[in-house]
2 protein chains.
Amino acid sequence: MRTYHQSVTKLLDATLEVVRTKGYAATRIEDVCAQAGVTKGSFFHHFKSKEDLALAAAAHWDAHVSAFFAEAPYHGAADPLDRLIAYVEFRKAILTGDLADFTCFAGTVVQEAYRTHPEVAAACAGAITGHARTLEADIDAAMHRYGVVGAWTAEDLALHIQAVIQGGFILAKATGSAATAAASLDHLGRYLDLLFAGGPSRRGAGQEDEPPS
Amino acid sequence: MRTYHQSVTKLLDATLEVVRTKGYAATRIEDVCAQAGVTKGSFFHHFKSKEDLALAAAAHWDAHVSAFFAEAPYHGAADPLDRLIAYVEFRKAILTGDLADFTCFAGTVVQEAYRTHPEVAAACAGAITGHARTLEADIDAAMHRYGVVGAWTAEDLALHIQAVIQGGFILAKATGSAATAAASLDHLGRYLDLLFAGGPSRRGAGQEDEPPS
DNA sequence: TGGTCCATACCAACCAGTCGGTATGGAAGC
DNA sequence: GCTTCCATACCGACTGGTTGGTATGGACCA
């Protein structure tokens, strides 16, 4: 790990913000420096290249995401399916403010860099799949609890959930509205409800409608 | 526009290919020219700027997608829900070859350009939402036929389907495998099945009399 | 003869990365 | 205490390759 000084952290935070609004290729190092309030000389003291920055930013993002979701309030429920659905609801709840504020750094960069910068893309991909993996335990538990079997796995479903989230971001950028992403997450929540509804003793009913988003 | 000349078409096709592998910001005009087998002089005879090219490419993509899906074989089924599921299956079936060959130009560009090039992003967004709109009639028909009501609309669901597809592309880039996108489309198909399963006489039963759209 | 199409040479801006230099602070020696 | 020495952090002018875009001339039509 890198030695963390104020400037480094500021540069990494700035990178997340700038890349999420402009994309990776379009962000200039000077943009990042300006955003961080740091000079170019300082930048190149800490990072040897733009790609070096991107790799560090991916790790920074991974750490940020891990901590953020570890502390998030959706882990409270006793039922694993309820926790899973609470996760989706939480993802919906954080769709506030500017698009660049809730959009995924890793997803943005992977799409852009998967061919041009394989190492950077791999680091970002690791952040996504790693985050997906945090859902697998609950999915597995829910599958066992509700006796659900099908032609799919916990890993499958965890990745599908991420796909819906990532796709929601793209659609939100296309329509210019976070509501589109929220509506997609509603569909995802409905899917999870229906998928596990076949099993024993699911709460309430299987046909209820959701409250307005 | 006059696509009467071979060079223009070749440049537009080249743009789709290059942008889908490198992203918009990272594609150089000379890359496009090389891919098209055309010189820069010819390029600037037909397009006045890179942004002009991007706008034309978005329209080209839109036309290509419209024609491709209009001719696709998933419209044959009598039941609207069967047509919808056939669409998803078709989207799965075309996930072959290189990632850049089945990935969405519009989705890639929207993500990158939504802030930096609003007009280009808008053109790409139009291609996505326009394509989604082609599903709405079948969704509406299926909702009506199976008596499904919920806190969602045909437009909602059509956009959700696109979100899953777009998200699948990102996950495929992250995992390096089209199988991830296919698995996500399987989940989507399952969702559609479950969503409409509550209604009367799911397929296999009875006589269907709806003409194909 | 004038317009379309295309090629080559070229320009100017942009930007990643360099480089010579300064500031600060801590450890070691006296 | 004070000096010397060095390492880390930082600064900003500069450079050179890249690249979007232009200028110009010529081939080939109608």
# chains A, B, ... in the order shown; residues from 1 in each chain; ligands from 1

call {"tool": "interface_residues", "arguments": {"of": "chain C", "to": "chain A", "cutoff": "10 Å", "atoms": "only C-alpha atoms (C1' of nucleotides)", "output": "number ranges by chain"}}
result
C: 15-18

call {"tool": "residues_around", "arguments": {"residues": "DT8 of chain C", "least_positions_apart": "6", "cutoff": "12 Å", "atoms": "only C-alpha atoms (C1' of nucleotides)", "output": "list in words"}}
result
Thr39, Lys40, Gly41 and Ser42 of chain B; DA23, DT24, DG25 and DG26 of chain D

call {"tool": "write_last_selection", "arguments": {"atoms": "C-alpha atoms (C1' of nucleotides)", "output": "compact mmCIF listing (two decimals), in the first residue's frame"}}
result
# COMPACT_ATOMS: atom_id res chain seq x y z
CA THR B 39 -7.78 9.23 -45.70
CA LYS B 40 -8.23 12.16 -43.39
CA GLY B 41 -8.94 14.47 -46.28
CA SER B 42 -11.88 12.34 -47.24
C1' DA D 23 -4.83 24.33 -46.79
C1' DT D 24 -3.96 23.13 -51.16
C1' DG D 25 -3.82 20.69 -55.25
C1' DG D 26 -5.31 17.22 -58.33

call {"tool": "interface_residues", "arguments": {"of": "chain D", "to": "chain A", "cutoff": "8 Å", "atoms": "only C-alpha atoms (C1' of nucleotides)", "output": "short mmCIF file (atom, residue, chain, number, x, y, z; two decimals) with N, CA and C atoms (P, O5', C5', C4', C3', O3' and C1' of nucleotides), in the first residue's frame"}}
result
data_model
loop_
_atom_site.label_atom_id
_atom_site.label_comp_id
_atom_site.auth_asym_id
_atom_site.auth_seq_id
_atom_site.Cartn_x
_atom_site.Cartn_y
_atom_site.Cartn_z
P DA D 9 6.21 11.78 1.33
"O5'" DA D 9 6.00 13.33 1.01
"C5'" DA D 9 5.72 14.23 2.07
"C4'" DA D 9 5.64 15.63 1.52
"C3'" DA D 9 4.67 15.81 0.35
"O3'" DA D 9 3.73 16.82 0.68
"C1'" DA D 9 6.77 16.77 -0.16
P DC D 10 2.50 17.07 -0.28
"O5'" DC D 10 3.04 18.23 -1.24
"C5'" DC D 10 3.58 19.41 -0.64
"C4'" DC D 10 4.34 20.18 -1.67
"C3'" DC D 10 3.56 20.53 -2.95
"O3'" DC D 10 3.16 21.88 -2.86
"C1'" DC D 10 5.88 20.07 -3.32
P DC D 11 2.05 22.42 -3.86
"O5'" DC D 11 2.92 23.21 -4.92
"C5'" DC D 11 3.82 24.23 -4.46
"C4'" DC D 11 4.78 24.58 -5.56
"C3'" DC D 11 4.14 24.90 -6.91
"O3'" DC D 11 4.20 26.30 -7.12
"C1'" DC D 11 6.15 23.61 -7.12
P DG D 12 3.08 27.01 -7.99
"O5'" DG D 12 3.71 27.07 -9.45
"C5'" DG D 12 5.01 27.63 -9.61
"C4'" DG D 12 5.58 27.25 -10.95
"C3'" DG D 12 4.60 27.32 -12.14
"O3'" DG D 12 5.33 27.73 -13.27
"C1'" DG D 12 5.54 25.20 -12.05
#

call {"tool": "select_by_dssp", "arguments": {"residues": "segment 129-165 of chain B", "states": "alpha helix (DSSP H)", "output": "ChimeraX atom specification"}}
result
/B:129-145,154-165

call {"tool": "interface_residues", "arguments": {"of": "chain B", "to": "chain A", "cutoff": "9 Å", "atoms": "only C-alpha atoms", "output": "ChimeraX atom specification"}}
result
/B:20-26,107-108,110-116,121-122,124-126,128-129,149-152,156-157,159-171,173-176,180-181,183-188,190-192,194-195,198

call {"tool": "closest_residue", "arguments": {"among": "A:Gly189, A:Gly37, A:Pro118, A:Pro80", "to": "Glu136 of chain A", "atoms": "only C-alpha atoms"}}
result
A:Pro80

call {"tool": "atom_distance", "arguments": {"atom1": "atom CA of Gln35 of chain A", "atom2": "atom CA of Phe69 of chain A"}}
result
25.8 Å

call {"tool": "closest_residue", "arguments": {"among": "C:DC19, C:DA12, C:DC6, C:DA27", "to": "DG21 of chain D", "atoms": "only C-alpha atoms (C1' of nucleotides)"}}
result
C:DA12

call {"tool": "residues_around", "arguments": {"residues": "His60 of chain A", "least_positions_apart": "5", "cutoff": "10 Å", "atoms": "only C-alpha atoms (C1' of nucleotides)", "output": "JSON, numbers by chain"}}
result
{"A": [9, 12, 13, 15, 16, 54, 55, 65, 66, 127]}
